[in-house]
Structures are given as C-alpha cells and as structure tokens.
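Colleague: Quick one: this structure, given as structure tokens, is what I'll be asking you about.
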There are 2 protein chains.
Amino acid sequence: MARTAGSDGEKTEAAIRAAALRLMARHGFEAVSMRQLAAEVGVQAAALYRYFPTKEDLLYTLMRAHMEGLIASWEAARPASGNAAAQLSAFVENHIRFHVARRHSTHVSNMELRSLSHERLTHILRLRGAYEKELRQILRSGADAGTFHIEDTALTAMAIIQMITGVIVWFRPGERLSVEEVADTYHTMTLRLVGAPA
Amino acid sequence: MARTAGSDGEKTEAAIRAAALRLMARHGFEAVSMRQLAAEVGVQAAALYRYFPTKEDLLYTLMRAHMEGLIASWEAARPASGNAAAQLSAFVENHIRFHVARRHSTHVSNMELRSLSHERLTHILRLRGAYEKELRQILRSGADAGTFHIEDTALTAMAIIQMITGVIVWFRPGERLSVEEVADTYHTMTLRLVGAPA
DNA sequence: GCCATAATTAAACGTACGTTCTATTAATTA
DNA sequence: TAATTAATAGAACGTACGTTTAATTATGGC
C-alpha cells in the first residue's frame with residue numbers, strides 16, 4: 001500500500017501533534033518510540049518524517065507552540081491599565097486557565113527540556129524568561145506603589161510561578177473543585193503571599 | 001580481567017547510587033544506559049547487576065531512600081510541641097534544607113515516577129502521601145486555633161509543597177542567596193500565604 | 001482521462017539497549 | 001598454603017530504536 005484513501009497532510013500533522021503530547025505527557029519523551037507514536041496515529045513510522053525531520057524537532061515544535069501560546073494568551077488577557085493587584089490577579093487566572101486547559105502540553109514543556117539540544121533549549125528558556133519577566137514587573141510595580149510587601153522580587157516570582165503551575169499536578173477537571181474555584185483560591189493565596197491588603 | 005585490586009562491594013554500590021543520581025538527574029532515567037552508568041562508576045555494565053537486579057530496581061531503591069530520608073528528617077526536626085506557626089516554620093525549613101542538600105535525588109524522585117511499575121509507584125506515592133498529611137494536619141490545627149485563615153486545606157497544602165519544592169529548580173548554592181536566606185524568605189511567604197499574623 | 005504531486009507503505013540499515021552467561025582474579029578463611 | 005567466596009570482566013543474545021530509501025497509491029487541476 002501507499003497513499004491511503006482520504007489522507008490529508010494537515011489532519012495527519014494535527015493528529016501527530018495531539019498523539020505526541022498525549023503519549024509524551026504520560027510516558028515521557030524518551031520512552032515514546034516513533035513506532036508507538038505512529039501506531040497511535042494509525043500510520044507507519046516513516047510517515048512521521050514527512051512532517052518532522054527528527055524526533056527532537058517534533059518535541060521542539062510542541063514546546064515552542066506551548067510557550068508562544070502562553071505568551072499570546074497573557075498578552076490578550078493583560079489589563080490595559082489597572083493597579084498591580086488587578087494585574088497580578090489577571091496573571092494568576094490566565095496562567096491557571098491556560099495550563100489546566102493544556103495538561104499534556106504543560107507536562108511535556110515542563111519535563112522534557114533536557115531532551116532539547118543546547119541551542120533549542122536556549123530558545124525555549126528565553127521565551128520562558130520573557131514570560132516570567134512580566135510577573136516580576138507586576139511585583140515590582142506593586143512594591144513601588146506600596147501595595148505589595150516583597151522581600152525579593154525574583155524569588156517571589158519563582159515561588160508564585162511554581163505554586164500556580166503545580167495546579168496541574170493534582171487538579172482533575174470534574175472532581176471536587178471547578179477551575180473557577182481553584183483559580184479563585186489561588187488568586188486569594190497569591191495576594192496574601194505578596195502582602196496585599198485583603 | 002576479573003576482580004580488580006581493591007574492589008569492595010559496599011564502595012561500589014555507593015558509587016553506583018551516587019553516579020545514578022547524578023546522571024539520571026541530568027539526563028533522565030530513560031536516557032541513561034546501564035553502560036553509561038557503569039562507565040561513570042569505572043566498571044563494566046554486568047557488574048551493576050550484582051547490586052541491582054534490574055534498572056528499575058535501581059530507580060526504586062533510590063526513590064525509596066529519598067522519601068524515607070525525607071520522612072525521617074521531618075520526624076527528627078518536628079517540634080515536640082508549639083503552635084501551628086512554629087510547626088509550619090519547621091516544616092518549611094526542613095523541607096527546603098533537605099531538598100537543597102539533595103538536588104539530584106530530588107530531581108529523580110520528582111521526575112521519574114512514571115518509570116516505576118504500578119506496584120512500586122503506589123508504594124512511593126503512599127510515602128509521599130504520608131508526608132503531605134503532616135502538612136495538612138499543621139494547617140488544620142492552625143485553622144482550628146484561629147491562627148491561620150485557610151480556604152481549602154488540601155489545596156493550600158499542595159500549593160505550599162509545590163512552592164517550597166520548586167526552590168531546587170532555580171536555587172544554586174554559592175550564588176546570590178544562601179540557604180538560610182532562601183529558607184527564611186520562603187518561611188515568611190508561607191506564613192503570609194496561610195494568613196498568619198506577622 | 002491524464003498527469004503532476006501529495007501522502008503513505010514496506011523493508012531495510014546500523015546502532016544501542018537491558019540483561020545473561022561464563023570465565024577469571026582478588027580477598028578471606030581455615 | 002590451600003580452599004572458598006566475593007567482585008568483576010568480556011562476550012554474547014535478542015530486541016527495539018531512530019531514521020532512510022524506494023516503491024506505490026490517492027488526489028486535484030487541466
């Protein structure tokens with residue numbers, strides 16, 4: 001056999017991406033073979049190479065899409081003006097909503113950095129750094145205005161990011177709490193964490 | 001060649017453990033081959049099988065040691081009495097000190113759970129659950145006493161654990177901040193997070 | 001209906017993997 | 001010093017990996 005009836009490049013590529021995220025989130029990048037991925041898509045392994053030149057290219061594409069999506073999401077959600085507390089609330093809410101809606105992608109992006117080449121790792125880390133800088137700026141502006149009480153901006157930013165990213169480790173949609181409730185509680189905790197008045 | 005001059009089982013096993021933690025923390029469990037590990041130890045791959053029957057056994061041994069060490073460390077550090085705030089401070093400080101002192105072990109224990117068999121995964125998660133329960137009890141007692149203001153105990157416990165475990169992602173000893181300063185700042189942030197009075 | 005091209009299969013390549021087997025040497029005990 | 005045991009080396013086994021090559025079939029424009 002060769003080309004199959006109804007085959008379509010765009011659909012196949014999308015199916016590969018989705019299957020890769022699903023499998024890699026569960027088993028890890030190294031543990032997922034190209035044959036296993038192809039089987040999940042319903043295709044032969046060689047067909048994957050029409051869309052991604054190497055396995056690492058596939059990983060890099062997925063990670064870049066995740067980070068660029070996160071940054072774009074924040075740019076769309078960021079309040080045009082408003083005080084630091086409002087900006088921080090928007091940041092926390094956007095972060096949690098984005099990650100909960102993309103569990104697989106988040107797991108892959110957080111766990112598989114070490115499988116990237118140095119060059120590509122650097123690029124992904126640059127994107128991540130730009131995103132985290134947004135949070136540091138919010139914290140600094142709140143501290144300057146006297147709204148927040150912060151000992152160390154960089155350290156507090158890392159603490160907040162780790163706290164709110166960690167949601168996806170335990171959160172399961174459809175269980176005890178809804179995304180809204182979770183986001184709301186984290187938002188409250190974050191504001192207390194930075195010493196903002198209730 | 002066969003047995004080498006000065007070879008000693010205890011030393012070799014300790015060397016294997018240390019090398020495994022170092023390599024697996026950097027490259028991940030799946031990416032480290034038994035031959036690579038053996039080379040790091042200065043031994044042939046077959047020699048590893050005298051100490052660990054399979055690669056997964058090695059991982060399990062390392063993870064169990066990490067979790068049991070963490071629990072033992074907390075049991076030794078836990079204040080015999082004292083209010084919830086003091087207990088929480090001790091918990092945060094112990095957690096950060098323990099993990100910073102065991103960077104490699106922590107990375108492996110946090111990242112490689114999916115490489116364990118179901119049975120062994122369950123056992124490690126049980127240990128982790130027991131440890132986290134300690135924190136939830138502290139939070140609950142503080143909330144009951146009116147010292148803490150907590151919306152959701154389980155959620156707050158996860159948020160705190162993720163925040164303080166995340167230290168090892170960015171902390172590098174010998175740089176800008178000392179472990180003492182980091183632990184101190186996290187301790188302050190944690191108390192604010194649970195609404196404890198300054 | 002023909003032709004260019006897009007999409008895919010089937011088979012193969014070389015390599016590396018986890019693990020096992022057997023032989024060999026060092027240390028320990030008697 | 002002889003016998004026993006502990007610790008390792010070296011080679012091999014079967015399997016699975018990422019990737020490449022060549023052939024084959026479906027699709028869409030004329």
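Just remember, in the structure tokens the first chain shown is A, the second B, etc., residues are 1-based per chain, and ligands are 1-based in the order shown.
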Using only C-alpha atoms (C1' of nucleotides), find which residues of chain B lie within 12 Å of chain C and jot them down as a PDB file with C-alpha atoms, in the first residue's frame.
Modeller:
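Once everything was written out, this is part.pdb:
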```pdb
ATOM      1  CA  MET B   1      40.394  -9.427  33.672  1.00  0.00           C
ATOM      2  CA  ALA B   2      38.022 -10.188  36.505  1.00  0.00           C
ATOM      3  CA  ARG B   3      38.006  -8.988  40.088  1.00  0.00           C
ATOM      4  CA  THR B   4      40.121  -5.864  40.323  1.00  0.00           C
ATOM      5  CA  ALA B   5      42.593  -4.963  43.062  1.00  0.00           C
ATOM      6  CA  GLY B   6      40.998  -3.075  45.949  1.00  0.00           C
ATOM      7  CA  SER B   7      37.448  -3.733  44.796  1.00  0.00           C
ATOM      8  CA  ASP B   8      34.852  -3.587  47.562  1.00  0.00           C
ATOM      9  CA  GLY B   9      31.154  -4.263  47.288  1.00  0.00           C
ATOM     10  CA  GLU B  30      15.294   6.551  30.319  1.00  0.00           C
ATOM     11  CA  ALA B  31      18.160   8.422  28.720  1.00  0.00           C
ATOM     12  CA  VAL B  32      20.819   6.903  30.971  1.00  0.00           C
ATOM     13  CA  SER B  33      22.008   3.492  29.814  1.00  0.00           C
ATOM     14  CA  MET B  34      23.451   0.852  32.074  1.00  0.00           C
ATOM     15  CA  ARG B  35      26.681   1.029  30.072  1.00  0.00           C
ATOM     16  CA  GLN B  36      26.890   4.788  30.547  1.00  0.00           C
ATOM     17  CA  ALA B  45      27.814  -2.963  32.873  1.00  0.00           C
ATOM     18  CA  ALA B  46      27.493  -6.549  34.057  1.00  0.00           C
ATOM     19  CA  ALA B  47      28.931  -5.569  37.438  1.00  0.00           C
ATOM     20  CA  LEU B  48      25.896  -3.373  38.148  1.00  0.00           C
ATOM     21  CA  TYR B  49      23.692  -6.448  38.181  1.00  0.00           C
ATOM     22  CA  ARG B  50      25.447  -7.788  41.226  1.00  0.00           C
ATOM     23  CA  PHE B  52      20.590  -4.200  41.449  1.00  0.00           C
ATOM     24  CA  PRO B  53      18.676  -6.929  39.612  1.00  0.00           C
ATOM     25  CA  THR B  54      17.185  -4.522  37.061  1.00  0.00           C
ATOM     26  CA  LYS B  55      17.448  -0.889  36.075  1.00  0.00           C
ATOM     27  CA  GLU B  56      14.027  -0.230  37.542  1.00  0.00           C
TER      28      GLU B  56
END
```
Colleague: Near chain A, meaning an atom within 7 Å, which residues of chain B appear when counting only C-alpha atoms? Write them as an MDAnalysis selection string.
Modeller: chainID B and resid 27 30:31 114 151 159 162:163 166 185 189 192:193 195
Colleague: Using N, CA, C and O atoms, can you export the residues from the last selection as a PDB file, in the first residue's frame?
Modeller:
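As written to disk, part-v6.pdb reads:
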```
ATOM      1  N   HIS B  27      20.110  13.696  32.851  1.00  0.00           N
ATOM      2  CA  HIS B  27      19.618  13.228  31.551  1.00  0.00           C
ATOM      3  C   HIS B  27      18.269  12.530  31.608  1.00  0.00           C
ATOM      4  O   HIS B  27      17.672  12.288  30.558  1.00  0.00           O
ATOM      5  N   GLU B  30      15.318   7.275  31.587  1.00  0.00           N
ATOM      6  CA  GLU B  30      15.294   6.551  30.319  1.00  0.00           C
ATOM      7  C   GLU B  30      16.529   6.822  29.474  1.00  0.00           C
ATOM      8  O   GLU B  30      16.975   5.959  28.728  1.00  0.00           O
ATOM      9  N   ALA B  31      17.049   8.017  29.585  1.00  0.00           N
ATOM     10  CA  ALA B  31      18.160   8.422  28.720  1.00  0.00           C
ATOM     11  C   ALA B  31      19.502   7.899  29.217  1.00  0.00           C
ATOM     12  O   ALA B  31      20.488   7.964  28.491  1.00  0.00           O
ATOM     13  N   ARG B 114       7.046   7.950  36.644  1.00  0.00           N
ATOM     14  CA  ARG B 114       6.366   7.179  35.601  1.00  0.00           C
ATOM     15  C   ARG B 114       7.173   5.985  35.106  1.00  0.00           C
ATOM     16  O   ARG B 114       6.657   5.176  34.345  1.00  0.00           O
ATOM     17  N   GLU B 151      -8.689  28.716  53.020  1.00  0.00           N
ATOM     18  CA  GLU B 151      -9.925  28.440  52.291  1.00  0.00           C
ATOM     19  C   GLU B 151     -10.143  26.932  52.147  1.00  0.00           C
ATOM     20  O   GLU B 151     -11.241  26.422  52.301  1.00  0.00           O
ATOM     21  N   ALA B 159      -0.294  23.729  47.320  1.00  0.00           N
ATOM     22  CA  ALA B 159       0.327  24.985  46.887  1.00  0.00           C
ATOM     23  C   ALA B 159       1.637  25.225  47.626  1.00  0.00           C
ATOM     24  O   ALA B 159       2.657  25.590  47.022  1.00  0.00           O
ATOM     25  N   GLN B 162       4.358  22.621  46.526  1.00  0.00           N
ATOM     26  CA  GLN B 162       4.921  22.920  45.208  1.00  0.00           C
ATOM     27  C   GLN B 162       5.810  24.157  45.256  1.00  0.00           C
ATOM     28  O   GLN B 162       6.859  24.205  44.623  1.00  0.00           O
ATOM     29  N   MET B 163       5.400  25.128  46.024  1.00  0.00           N
ATOM     30  CA  MET B 163       6.193  26.350  46.142  1.00  0.00           C
ATOM     31  C   MET B 163       7.564  26.066  46.743  1.00  0.00           C
ATOM     32  O   MET B 163       8.585  26.497  46.215  1.00  0.00           O
ATOM     33  N   GLY B 166       9.856  23.771  44.633  1.00  0.00           N
ATOM     34  CA  GLY B 166      10.348  24.472  43.450  1.00  0.00           C
ATOM     35  C   GLY B 166      11.654  25.201  43.666  1.00  0.00           C
ATOM     36  O   GLY B 166      12.296  25.624  42.698  1.00  0.00           O
ATOM     37  N   THR B 185      13.062  33.554  53.691  1.00  0.00           N
ATOM     38  CA  THR B 185      12.081  34.264  52.862  1.00  0.00           C
ATOM     39  C   THR B 185      10.870  33.378  52.571  1.00  0.00           C
ATOM     40  O   THR B 185       9.716  33.835  52.625  1.00  0.00           O
ATOM     41  N   MET B 189       6.950  34.009  53.441  1.00  0.00           N
ATOM     42  CA  MET B 189       5.897  33.966  52.421  1.00  0.00           C
ATOM     43  C   MET B 189       4.835  32.936  52.786  1.00  0.00           C
ATOM     44  O   MET B 189       3.642  33.160  52.586  1.00  0.00           O
ATOM     45  N   ARG B 192       2.506  34.249  55.459  1.00  0.00           N
ATOM     46  CA  ARG B 192       1.556  35.218  54.885  1.00  0.00           C
ATOM     47  C   ARG B 192       0.495  34.493  54.070  1.00  0.00           C
ATOM     48  O   ARG B 192      -0.692  34.825  54.112  1.00  0.00           O
ATOM     49  N   LEU B 193       0.965  33.470  53.323  1.00  0.00           N
ATOM     50  CA  LEU B 193       0.050  32.701  52.470  1.00  0.00           C
ATOM     51  C   LEU B 193      -1.099  32.080  53.253  1.00  0.00           C
ATOM     52  O   LEU B 193      -2.240  32.004  52.764  1.00  0.00           O
ATOM     53  N   GLY B 195      -2.270  33.275  55.951  1.00  0.00           N
ATOM     54  CA  GLY B 195      -2.966  34.312  56.703  1.00  0.00           C
ATOM     55  C   GLY B 195      -2.577  34.405  58.160  1.00  0.00           C
ATOM     56  O   GLY B 195      -3.369  34.847  58.991  1.00  0.00           O
TER      57      GLY B 195
END
```
Colleague: Select from chain D every residue with an atom at most 12 Å from any atom of chain A, then for each give the shortest pair of atoms and their distance in Å to one decimal, using only C-alpha atoms (C1' of nucleotides), rows by chain and rising number, as CSV.
Modeller:
```
residue,atom,partner,partner_atom,distance
D:DA16,C1',A:Ser33,CA,9.1
D:DC17,C1',A:Ser33,CA,7.3
D:DG18,C1',A:Met34,CA,7.5
D:DT19,C1',A:Thr54,CA,8.2
D:DT20,C1',A:Ala46,CA,8.8
D:DT21,C1',A:Ala46,CA,10.5
D:DA22,C1',A:Ala2,CA,11.7
D:DA23,C1',A:Ala2,CA,8.5
D:DT24,C1',A:Ala2,CA,5.0
D:DT25,C1',A:Arg3,CA,4.9
D:DA26,C1',A:Arg3,CA,5.7
D:DT27,C1',A:Gly6,CA,8.7
```
Colleague: Name the residues in contact with Glu132 in chain A at a cut-off of 10 Å, using only C-alpha atoms (C1' of nucleotides), excluding same-chain residues fewer than 5 positions from it; report them as a ChimeraX atom specification.
Modeller: /A:71,126-127,137,154,157-158,161
Colleague: Residues near Arg17 in chain B, anyone? I mean within 12 Å using only C-alpha atoms (C1' of nucleotides), not counting same-chain ones fewer than 6 positions away, as a ChimeraX atom specification.
Modeller: /B:10-11,23-25,37-38,40-41,48,51-52,55,57-63,65-66,104-105,108
Colleague: DSSP says helix (DSSP H, G or I) for which residues of chain A? Put them as a ChimeraX atom specification?
Modeller: /A:9-27,34-41,45-48,55-77,84-100,103-111,113-115,118-144,153-165,167-170,179-193
Colleague: Return the single residue from A:Ala183, A:Leu116, A:Ala19, A:Leu70 that is closest to Ala90 in chain A, with distances computed using only C-alpha atoms.
Modeller: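 Among A:Ala183, A:Leu116, A:Ala19, A:Leu70, it is A:Ala183 that comes nearest to Ala90 in chain A.
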